[in-house]
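*Asks:* Below is work05.cif; it holds mmCIF, C-alpha atoms and all ligand atoms.
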```cif
data_structure
loop_
_atom_site.label_atom_id
_atom_site.label_comp_id
_atom_site.auth_asym_id
_atom_site.auth_seq_id
_atom_site.Cartn_x
_atom_site.Cartn_y
_atom_site.Cartn_z
CA MET A 1 22.44 -83.21 49.58
CA ASP A 2 22.32 -85.37 52.71
CA LYS A 3 24.92 -83.93 55.10
CA SER A 4 25.71 -86.82 57.39
CA PHE A 5 26.88 -90.20 56.15
CA ASP A 6 26.12 -93.06 58.52
CA LEU A 7 28.95 -95.62 58.53
CA LYS A 8 26.81 -98.34 60.11
CA GLY A 9 26.69 -101.44 57.93
CA LYS A 10 28.53 -99.69 55.09
CA ARG A 11 31.28 -101.17 52.96
CA ILE A 12 34.18 -98.71 53.04
CA PHE A 13 37.01 -99.19 50.52
CA VAL A 14 40.33 -97.86 51.83
CA ALA A 15 42.56 -97.49 48.76
CA GLY A 16 46.22 -97.65 49.81
CA HIS A 17 45.66 -99.57 53.04
CA ARG A 18 49.32 -100.61 53.37
CA GLY A 19 50.59 -97.02 53.52
CA MET A 20 51.00 -94.94 56.67
CA VAL A 21 47.68 -93.12 56.20
CA GLY A 22 45.76 -96.12 54.86
CA SER A 23 46.83 -98.37 57.72
CA ALA A 24 45.87 -95.68 60.25
CA LEU A 25 42.44 -95.49 58.56
CA VAL A 26 42.02 -99.25 58.84
CA ARG A 27 42.91 -99.05 62.57
CA ARG A 28 40.45 -96.20 63.05
CA LEU A 29 37.60 -97.81 61.10
CA ALA A 30 38.04 -101.09 62.96
CA GLY A 31 36.20 -99.43 65.86
CA GLU A 32 33.17 -98.63 63.69
CA ASP A 33 30.27 -100.84 62.78
CA CYS A 34 31.26 -101.00 59.11
CA GLU A 35 32.95 -103.41 56.72
CA ILE A 36 36.46 -102.39 55.65
CA VAL A 37 37.29 -103.34 52.07
CA THR A 38 40.94 -103.45 50.94
CA VAL A 39 42.84 -104.96 48.04
CA ALA A 40 46.46 -106.10 47.81
CA ARG A 41 48.71 -104.52 45.20
CA SER A 42 49.44 -108.01 43.81
CA GLU A 43 45.72 -108.45 43.20
CA LEU A 44 44.95 -105.04 41.73
CA ASP A 45 47.29 -102.49 40.14
CA LEU A 46 45.63 -99.10 40.60
CA LEU A 47 47.46 -97.87 37.46
CA ASP A 48 45.33 -100.31 35.43
CA GLN A 49 42.13 -98.48 34.52
CA ALA A 50 40.20 -101.50 33.24
CA GLY A 51 41.27 -103.56 36.23
CA VAL A 52 40.15 -100.88 38.69
CA ARG A 53 36.75 -100.59 36.94
CA ARG A 54 36.24 -104.35 37.04
CA TRP A 55 37.29 -104.64 40.67
CA MET A 56 35.03 -101.77 41.78
CA GLU A 57 32.03 -103.19 39.86
CA ASP A 58 32.64 -106.51 41.54
CA ARG A 59 33.14 -105.24 45.13
CA ARG A 60 30.66 -102.36 45.01
CA PRO A 61 31.74 -100.39 48.08
CA ASP A 62 29.35 -97.80 49.56
CA ALA A 63 32.14 -95.31 50.19
CA VAL A 64 35.76 -94.85 49.15
CA ILE A 65 38.67 -93.22 50.96
CA MET A 66 41.44 -92.48 48.48
CA ALA A 67 44.63 -92.87 50.50
CA ALA A 68 46.71 -94.51 47.75
CA ALA A 69 49.41 -92.16 46.51
CA LYS A 70 53.03 -91.98 45.54
CA VAL A 71 54.48 -89.91 48.37
CA GLY A 72 57.96 -88.84 49.43
CA GLY A 73 60.09 -86.19 51.04
CA ILE A 74 61.65 -83.12 49.55
CA LEU A 75 64.53 -84.90 47.77
CA ALA A 76 62.44 -87.73 46.32
CA ASN A 77 59.88 -85.26 44.95
CA ASP A 78 62.59 -83.23 43.32
CA SER A 79 64.37 -86.27 41.86
CA PHE A 80 61.44 -88.30 40.44
CA PRO A 81 58.98 -85.80 38.93
CA VAL A 82 57.40 -88.33 36.54
CA ASP A 83 56.61 -90.80 39.32
CA PHE A 84 54.99 -88.13 41.45
CA LEU A 85 52.97 -86.53 38.66
CA TYR A 86 52.06 -89.44 36.39
CA GLU A 87 51.43 -92.14 39.00
CA ASN A 88 49.31 -89.92 41.20
CA LEU A 89 47.25 -88.55 38.31
CA VAL A 90 46.52 -92.00 36.91
CA VAL A 91 45.85 -93.82 40.17
CA GLN A 92 43.52 -91.18 41.62
CA THR A 93 41.65 -90.70 38.32
CA ASN A 94 41.15 -94.46 37.97
CA VAL A 95 39.79 -94.83 41.49
CA ILE A 96 37.51 -91.78 41.40
CA GLU A 97 36.08 -92.59 37.97
CA ALA A 98 35.57 -96.28 38.73
CA ALA A 99 33.91 -95.37 42.03
CA PHE A 100 31.43 -93.13 40.24
CA ARG A 101 30.69 -95.75 37.54
CA SER A 102 29.97 -98.38 40.17
CA GLY A 103 27.55 -96.13 42.06
CA VAL A 104 29.68 -94.89 44.99
CA ARG A 105 27.91 -91.83 46.48
CA LYS A 106 30.49 -90.81 49.10
CA LEU A 107 34.21 -90.49 48.42
CA LEU A 108 36.96 -88.80 50.39
CA PHE A 109 40.04 -87.74 48.43
CA LEU A 110 43.22 -87.03 50.38
CA GLY A 111 45.76 -84.45 49.27
CA SER A 112 48.42 -82.44 51.03
CA SER A 113 49.24 -78.94 52.23
CA CYS A 114 51.73 -78.61 49.37
CA ILE A 115 48.81 -77.86 47.00
CA TYR A 116 48.94 -74.26 48.28
CA PRO A 117 51.18 -71.54 46.81
CA LYS A 118 54.73 -71.30 48.14
CA LEU A 119 54.09 -67.82 49.49
CA ALA A 120 50.49 -68.31 50.65
CA PRO A 121 49.30 -66.25 53.64
CA GLN A 122 49.99 -68.00 56.98
CA PRO A 123 48.08 -69.79 58.36
CA ILE A 124 46.93 -70.98 54.93
CA PRO A 125 43.18 -70.74 54.37
CA GLU A 126 41.45 -73.12 51.96
CA ASP A 127 40.78 -70.27 49.52
CA ALA A 128 44.52 -69.70 48.95
CA LEU A 129 44.30 -72.52 46.42
CA LEU A 130 45.54 -71.49 42.94
CA THR A 131 46.38 -67.92 43.94
CA GLY A 132 50.12 -68.13 43.24
CA PRO A 133 53.10 -70.24 42.10
CA LEU A 134 53.77 -73.56 43.86
CA GLU A 135 56.89 -74.56 45.78
CA PRO A 136 59.13 -75.96 42.98
CA THR A 137 60.53 -78.92 44.99
CA ASN A 138 57.11 -80.57 45.18
CA GLU A 139 55.05 -79.05 42.39
CA TRP A 140 54.72 -82.40 40.57
CA TYR A 141 52.92 -83.96 43.50
CA ALA A 142 50.97 -80.75 44.16
CA VAL A 143 49.69 -80.50 40.57
CA ALA A 144 48.44 -84.10 40.72
CA LYS A 145 46.68 -83.47 44.05
CA ILE A 146 45.07 -80.26 42.78
CA ALA A 147 43.77 -82.22 39.77
CA GLY A 148 42.33 -84.84 42.15
CA LEU A 149 40.44 -82.38 44.29
CA LYS A 150 39.16 -80.62 41.16
CA LEU A 151 37.97 -83.96 39.78
CA CYS A 152 35.97 -84.53 42.98
CA GLN A 153 34.46 -81.04 42.64
CA ALA A 154 33.64 -81.78 39.00
CA TYR A 155 31.81 -85.01 39.90
CA ARG A 156 29.85 -83.15 42.59
CA ARG A 157 28.83 -80.40 40.18
CA GLN A 158 28.02 -82.55 37.18
CA TYR A 159 26.50 -85.57 38.90
CA GLY A 160 25.55 -84.44 42.44
CA VAL A 161 27.61 -87.11 44.22
CA ASN A 162 29.06 -86.40 47.66
CA TYR A 163 32.78 -86.44 46.76
CA ILE A 164 34.87 -84.41 49.19
CA SER A 165 38.57 -83.63 49.73
CA ALA A 166 40.76 -83.21 52.80
CA MET A 167 44.24 -81.68 52.75
CA PRO A 168 46.37 -82.89 55.65
CA THR A 169 49.47 -81.13 56.88
CA ASN A 170 52.80 -83.02 57.27
CA LEU A 171 51.90 -86.36 58.86
CA TYR A 172 54.08 -88.72 60.88
CA GLY A 173 53.59 -91.85 62.94
CA PRO A 174 53.56 -95.66 62.81
CA GLY A 175 54.03 -97.05 59.31
CA ASP A 176 56.09 -94.10 58.10
CA ASN A 177 58.95 -94.53 55.63
CA PHE A 178 62.30 -94.46 57.45
CA ASP A 179 64.50 -94.60 54.34
CA LEU A 180 66.76 -91.55 54.45
CA ASP A 181 66.73 -90.83 50.70
CA SER A 182 62.96 -90.77 50.29
CA SER A 183 61.49 -90.06 53.72
CA HIS A 184 60.00 -86.95 55.25
CA VAL A 185 61.76 -85.04 57.98
CA VAL A 186 60.31 -86.71 61.13
CA PRO A 187 61.25 -90.32 60.30
CA ALA A 188 64.59 -89.15 58.85
CA LEU A 189 65.58 -87.30 62.03
CA MET A 190 64.29 -90.09 64.26
CA ARG A 191 66.38 -92.65 62.44
CA LYS A 192 69.47 -90.43 62.39
CA ALA A 193 69.10 -89.70 66.12
CA HIS A 194 68.65 -93.39 66.91
CA GLU A 195 71.72 -94.37 64.89
CA ALA A 196 73.71 -91.56 66.54
CA LYS A 197 72.66 -92.91 69.94
CA LEU A 198 73.77 -96.44 69.07
CA THR A 199 77.12 -95.43 67.58
CA GLY A 200 77.87 -92.63 70.03
CA GLN A 201 78.16 -90.25 67.07
CA LYS A 202 78.82 -86.67 68.19
CA THR A 203 76.80 -84.81 65.52
CA LEU A 204 73.48 -85.18 63.72
CA GLN A 205 73.04 -83.74 60.22
CA VAL A 206 69.85 -81.75 59.62
CA TRP A 207 69.16 -80.67 56.03
CA GLY A 208 68.88 -77.00 55.12
CA SER A 209 69.08 -74.06 57.51
CA GLY A 210 66.79 -75.37 60.26
CA ARG A 211 64.70 -72.20 59.87
CA PRO A 212 61.75 -73.49 57.77
CA MET A 213 58.60 -73.99 59.79
CA ARG A 214 56.36 -77.03 59.52
CA GLU A 215 53.15 -78.17 61.14
CA PHE A 216 52.97 -81.85 62.13
CA LEU A 217 50.02 -84.10 62.86
CA HIS A 218 50.11 -87.67 64.16
CA VAL A 219 48.63 -90.03 61.57
CA ASP A 220 46.10 -91.46 64.05
CA ASP A 221 44.75 -87.95 64.60
CA ALA A 222 44.64 -87.47 60.82
CA ALA A 223 42.72 -90.74 60.36
CA ASP A 224 40.27 -89.66 63.05
CA ALA A 225 39.71 -86.35 61.24
CA PHE A 226 39.22 -88.14 57.91
CA VAL A 227 36.56 -90.45 59.34
CA TRP A 228 34.93 -87.43 60.98
CA LEU A 229 34.81 -85.63 57.62
CA LEU A 230 33.58 -88.72 55.78
CA ARG A 231 30.71 -88.81 58.21
CA ASN A 232 29.93 -85.15 58.65
CA TYR A 233 31.24 -83.07 55.78
CA SER A 234 29.61 -82.39 52.47
CA GLY A 235 30.95 -79.42 50.56
CA ASP A 236 32.60 -78.28 47.38
CA GLY A 237 35.77 -76.93 48.97
CA GLN A 238 38.63 -78.99 50.38
CA VAL A 239 39.08 -79.03 54.17
CA ASN A 240 42.49 -78.45 55.77
CA VAL A 241 43.48 -81.05 58.38
CA GLY A 242 46.20 -80.05 60.83
CA SER A 243 47.11 -79.35 64.42
CA GLY A 244 47.08 -75.58 63.98
CA GLU A 245 50.63 -75.26 65.43
CA ASP A 246 54.03 -75.23 63.78
CA VAL A 247 57.67 -75.46 64.83
CA THR A 248 61.00 -74.71 63.16
CA ILE A 249 62.94 -77.67 61.79
CA ALA A 250 65.67 -76.83 64.36
CA GLU A 251 63.11 -77.11 67.19
CA LEU A 252 61.76 -80.35 65.77
CA ALA A 253 65.31 -81.76 65.61
CA GLY A 254 65.88 -80.80 69.26
CA THR A 255 62.67 -82.53 70.33
CA VAL A 256 63.44 -85.69 68.32
CA VAL A 257 66.96 -85.89 69.78
CA SER A 258 65.53 -85.55 73.28
CA VAL A 259 62.74 -88.12 72.74
CA VAL A 260 65.27 -90.60 71.32
CA GLY A 261 67.73 -89.83 74.10
CA ALA A 262 70.65 -89.19 71.76
CA GLY A 263 73.49 -86.94 72.91
CA ALA A 264 74.45 -85.71 69.43
CA ALA A 265 74.81 -81.99 68.61
CA ILE A 266 72.70 -80.74 65.71
CA VAL A 267 74.54 -79.44 62.63
CA PHE A 268 72.87 -77.99 59.56
CA ASP A 269 73.69 -78.99 55.99
CA PRO A 270 73.13 -75.92 53.78
CA THR A 271 73.75 -77.95 50.59
CA LYS A 272 70.29 -79.54 51.06
CA PRO A 273 67.09 -77.62 50.18
CA ASP A 274 64.90 -75.82 52.72
CA GLY A 275 61.78 -76.05 50.55
CA THR A 276 58.90 -73.75 51.35
CA PRO A 277 59.65 -71.36 54.28
CA ARG A 278 56.42 -72.06 56.16
CA LYS A 279 53.20 -74.02 55.63
CA LEU A 280 50.92 -73.73 58.60
CA MET A 281 47.36 -74.63 57.75
CA ASP A 282 44.40 -72.52 58.74
CA VAL A 283 42.33 -75.23 60.41
CA SER A 284 39.44 -73.02 61.50
CA ARG A 285 37.01 -74.68 59.08
CA LEU A 286 37.75 -78.12 60.60
CA PHE A 287 37.96 -76.90 64.21
CA ALA A 288 34.61 -75.10 63.79
CA THR A 289 33.01 -78.54 63.42
CA GLY A 290 34.27 -79.47 66.90
CA TRP A 291 37.11 -81.80 65.90
CA ARG A 292 40.47 -81.57 67.72
CA PRO A 293 43.71 -83.64 67.58
CA LYS A 294 44.64 -85.74 70.62
CA TYR A 295 48.44 -85.91 70.37
CA ALA A 296 50.80 -83.10 71.37
CA LEU A 297 53.92 -83.26 69.15
CA ARG A 298 56.26 -84.63 71.83
CA ASP A 299 53.81 -87.38 72.82
CA GLY A 300 53.23 -88.30 69.19
CA LEU A 301 56.99 -88.53 68.63
CA LYS A 302 57.36 -90.76 71.71
CA GLN A 303 54.63 -93.08 70.48
CA THR A 304 56.23 -93.18 67.00
CA TYR A 305 59.67 -93.91 68.46
CA ALA A 306 58.24 -96.85 70.40
CA TRP A 307 56.75 -98.19 67.14
CA PHE A 308 60.08 -97.62 65.36
CA LEU A 309 62.02 -99.55 68.03
CA GLU A 310 59.55 -102.43 67.86
CA HIS A 311 59.95 -102.68 64.10
CA VAL A 312 63.74 -102.38 64.19
CA GLU A 313 63.63 -105.25 66.67
CA LYS A 314 61.42 -107.31 64.34
CA GLY A 315 63.76 -106.59 61.42
CA ASP A 316 61.15 -104.69 59.36
CA ILE A 317 63.30 -101.56 59.53
CA ARG A 318 66.97 -102.21 58.77
CA LEU A 319 69.48 -99.72 60.06
CA GLY A 320 72.63 -98.97 58.11
CA ALA A 321 76.09 -98.59 59.60
CA VAL A 322 75.02 -99.94 62.99
P1 LIG B 401 58.43 -80.81 52.84
O1 LIG B 401 57.56 -80.41 54.00
O2 LIG B 401 57.66 -81.09 51.59
O3 LIG B 401 59.53 -79.79 52.61
O4 LIG B 401 59.09 -82.23 53.17
P2 LIG B 401 60.19 -82.84 54.16
O5 LIG B 401 59.49 -83.43 55.34
O6 LIG B 401 61.02 -83.76 53.34
O7 LIG B 401 61.11 -81.63 54.66
C1 LIG B 401 60.71 -80.67 55.59
C2 LIG B 401 61.88 -79.79 56.00
O8 LIG B 401 62.78 -80.56 56.82
C3 LIG B 401 62.74 -79.26 54.84
O9 LIG B 401 63.13 -77.93 55.14
C4 LIG B 401 63.94 -80.19 54.87
O10 LIG B 401 65.11 -79.62 54.31
C5 LIG B 401 64.11 -80.37 56.37
N1 LIG B 401 64.93 -81.52 56.75
C6 LIG B 401 65.96 -81.48 57.66
N2 LIG B 401 66.56 -82.67 57.73
C7 LIG B 401 65.90 -83.51 56.90
C8 LIG B 401 66.08 -84.88 56.55
O11 LIG B 401 66.97 -85.57 57.03
N3 LIG B 401 65.17 -85.41 55.65
C9 LIG B 401 64.17 -84.66 55.11
N4 LIG B 401 63.31 -85.23 54.25
N5 LIG B 401 64.01 -83.35 55.39
C10 LIG B 401 64.86 -82.78 56.28
#
```
What would the structure in this file look like if it were written as structure tokens?
Ligand code: GDP

*Replies:*
Amino acid sequence: MDKSFDLKGKRIFVAGHRGMVGSALVRRLAGEDCEIVTVARSELDLLDQAGVRRWMEDRRPDAVIMAAAKVGGILANDSFPVDFLYENLVVQTNVIEAAFRSGVRKLLFLGSSCIYPKLAPQPIPEDALLTGPLEPTNEWYAVAKIAGLKLCQAYRRQYGVNYISAMPTNLYGPGDNFDLDSSHVVPALMRKAHEAKLTGQKTLQVWGSGRPMREFLHVDDAADAFVWLLRNYSGDGQVNVGSGEDVTIAELAGTVVSVVGAGAAIVFDPTKPDGTPRKLMDVSRLFATGWRPKYALRDGLKQTYAWFLEHVEKGDIRLGAV
């Protein structure tokens, strides 16, 4: 199978281009000599199998990046298991199958580090997949993503198409969801710290014990790695995408508070779940190809806070209680 995929003159369909990852991919691909194909949700519902087949036949992209997914933080995952399992299974299956039918030879499927067992060895190598039970708070999402990467492997094996998968660590950055009930930890803490700064609040609530460890990657670095893999990677196994470094949630909270410039003291809320104790990716497979992230965590948080402020100003992000 041809190893490198030249983007020049290609039509690349970014599924999910309005999301945090999809919009970062569109920004990243804008610098390439390729045509970016997107479709509005009002024009095409990815849950509609016949519609997706028709649309793909009509547009005939050369490559597909599957960045459309129902995503959410620890509480959302735990509260809406049907949405996370059913919607992801259907949407990804529709896109992958329709891509194959319409002759797409290169497809990149995006998953998440939560596909790995709760107690996987740290850092987590790609071959830890399916070696143990999943973290219960996000197993619905994880099962859907495992099915997606297996479907890509199945298409490779049965039909010889170059369908690959990348599993990013916890991502953050411009375009993130800042809604406290459904967001991930970085936007949640950023918003809480910002509101604490505005109101002069003395404390900032951090869920759980503060002891879990997480690895974070700025979404622009993730998009750069995805384009790199689309171009250069052809293999059966999924590739981990991360920074290779993790921090405790307590450390993260301290950094966010300092970047935002809030004076609030951090207090932990033990009634909220910790989730998996640690999920640092083993990124040696990716790093061996020469790719590296550009953002250090603090710089990435600063850049994200600037984006957040701009969008609060524009009224796209509405703050409560302030
Ligand atoms: P996870 O990586 O799938 O567990 O997803 P999250 O980003 O939602 O949570 C990561 C860790 O941050 C968990 O241990 C959470 O309990 C912790 N955390 C602390 N404060 C918050 C918060 O305000 N929102 C969220 N989503 N997580 C928080």

*Asks:* From the list A:Met66, A:Leu204, A:Leu286, A:Val37, which residue is nearest ligand LIG 401 (chain B) when using all atoms listed in the file?

*Replies:*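 Closest residue, counting all atoms listed in the file: A:Leu204.
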
*Asks:* Compare A:Gly173, A:Gly160, A:Gly73, A:Pro270 by their minimum atom-to-atom distance to ligand LIG 401 (chain B), counting all atoms listed in the file, and give me the closest one.

*Replies:*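 Closest residue, counting all atoms listed in the file: A:Gly73.
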
*Asks:* Hey, can you pull every residue with an atom no more than 8 Å from (66.4, -99.5, 71.4), using all atoms listed in the file, and send it as a PyMOL selection string?

*Replies:* chain A and resi 194+309+313

*Asks:* Output C-alpha atoms of each residue in that selection to a file, as a JSON list (two decimals), keeping the file's coordinate frame.

*Replies:*
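Once everything was written out, this is again_4.json:
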```json
[["chain", "number", "residue", "atom", "x", "y", "z"],
["A", 194, "HIS", "CA", 68.65, -93.39, 66.91],
["A", 309, "LEU", "CA", 62.02, -99.55, 68.03],
["A", 313, "GLU", "CA", 63.63, -105.25, 66.67]]
```

*Asks:* Neighbours of ligand LIG 401 (chain B) at 7 Å or closer, counting all atoms listed in the file: which residues, as an MDAnalysis selection string?

*Replies:* chainID A and resid 73:75 114 138 170 180 182:186 188:189 206:208 210 212 214 249 272:276

*Asks:* How far is it from CA of Lys294 (chain A) to CA of Pro123 (chain A), in Å with one decimal?

*Replies:*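 Computing the Euclidean distance for CA of Lys294 (chain A) and CA of Pro123 (chain A) yields 20.4 Å.
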
*Asks:* Rank nothing, just name the residue among A:Glu97, A:Asp236, A:Glu251, A:Glu195 nearest to Met56 (chain A), using all atoms listed in the file.

*Replies:*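 Distance minimum relative to Met56 (chain A) lands on A:Glu97.
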
*Asks:* Take CA of His218 (chain A) and CA of Thr304 (chain A) and report the distance between them in Å, one decimal.

*Replies:*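 Computing the Euclidean distance for CA of His218 (chain A) and CA of Thr304 (chain A) yields 8.7 Å.
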
*Asks:* Taking all atoms of region 195-214 of chain A that the file lists and extending 5 Å past them on each side, where is the centre of the axis-aligned box and how long are its edges? Answer in Å to one decimal, as AutoDock Vina command-line options.

*Replies:*
```
--center_x 67.6 --center_y -84.3 --center_z 62.6 --size_x 32.5 --size_y 34.2 --size_z 24.9
```

*Asks:* Using all atoms listed in the file, pick whichever of A:Thr203, A:Ser23, A:Ser113, A:Asn162 has the shortest atom-to-atom distance to Met281 (chain A).

*Replies:*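 The answer is A:Ser113, which sits nearest to Met281 (chain A).
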
*Asks:* Got a sec: who's within 8 Å of Trp291 (chain A), counting only C-alpha atoms, leaving out chain neighbours fewer than 4 positions off, as a list in words?

*Replies:* Ala225, Trp228, Leu286 and Phe287 of chain A

*Asks:* For Leu301 (chain A), work out the shell of residues within 8 Å, counting all atoms listed in the file and skipping chain neighbours fewer than 2 positions away, then give it as an mmCIF file with C-alpha atoms, in the frame of the given file.

*Replies:*
```cif
data_model
loop_
_atom_site.group_PDB
_atom_site.id
_atom_site.type_symbol
_atom_site.label_atom_id
_atom_site.label_comp_id
_atom_site.auth_asym_id
_atom_site.auth_seq_id
_atom_site.Cartn_x
_atom_site.Cartn_y
_atom_site.Cartn_z
ATOM 1 C CA GLY A 173 53.590 -91.850 62.940
ATOM 2 C CA VAL A 256 63.440 -85.690 68.320
ATOM 3 C CA VAL A 259 62.740 -88.120 72.740
ATOM 4 C CA LEU A 297 53.920 -83.260 69.150
ATOM 5 C CA ARG A 298 56.260 -84.630 71.830
ATOM 6 C CA ASP A 299 53.810 -87.380 72.820
ATOM 7 C CA GLN A 303 54.630 -93.080 70.480
ATOM 8 C CA THR A 304 56.230 -93.180 67.000
ATOM 9 C CA TYR A 305 59.670 -93.910 68.460
#
```

*Asks:* Might you pull out every residue within 8 Å of Thr38 (chain A), with all atoms listed in the file counted and same-chain residues fewer than 2 positions away left off, and present them as a compact mmCIF listing (two decimals) with C-alpha atoms, in the frame of the given file?

*Replies:*
```txt
# COMPACT_ATOMS: atom_id res chain seq x y z
CA PHE A 13 37.01 -99.19 50.52
CA VAL A 14 40.33 -97.86 51.83
CA ALA A 15 42.56 -97.49 48.76
CA GLY A 16 46.22 -97.65 49.81
CA HIS A 17 45.66 -99.57 53.04
CA ILE A 36 36.46 -102.39 55.65
CA ALA A 40 46.46 -106.10 47.81
```

*Asks:* Of the candidates A:Asn240, A:Ser284, A:Gln205, A:Asn232, which shows the shortest atom-to-atom distance to Ile266 (chain A), using only C-alpha atoms?

*Replies:* A:Gln205

*Asks:* Considering only C-alpha atoms, return as a list in words whatever protein or nucleic-acid residues lie within 12 Å of Ser234 (chain A), sequence-local ones (same chain, fewer than 3 positions apart) excluded.

*Replies:*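 Using only C-alpha atoms, the neighbours found are Met1, Asp2, Lys3, Ser4, Phe5, Arg105, Lys106, Leu107, Leu108, Cys152, Gln153, Arg156, Gly160, Val161, Asn162, Tyr163, Ile164, Ser165, Ala166, Trp228, Leu229, Leu230, Arg231, Gly237, Gln238 and Val239 of chain A.
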
*Asks:* CA of Cys34 (chain A) and CA of Lys10 (chain A), how far apart in Å?

*Replies:*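 Separation between CA of Lys10 (chain A) and CA of Cys34 (chain A): 5.0 Å.
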
*Asks:* Give as a list in words the set of residues within 8 Å of the point (50.9, -78.0, 49.0), where distances use the file's coordinates and all atoms listed in the file.

*Replies:* Ser112, Ser113, Cys114, Ile115, Tyr116, Pro117, Lys118, Leu134, Glu135, Asn138, Glu139 and Ala142 of chain A

*Asks:* For Val104 (chain A), which residue out of A:Val64, A:Val219, A:Ala76, A:Met213 is the nearest one, using all atoms listed in the file?

*Replies:*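 Checking each of A:Val64, A:Val219, A:Ala76, A:Met213 against Val104 (chain A), counting all atoms listed in the file, the winner is A:Val64.
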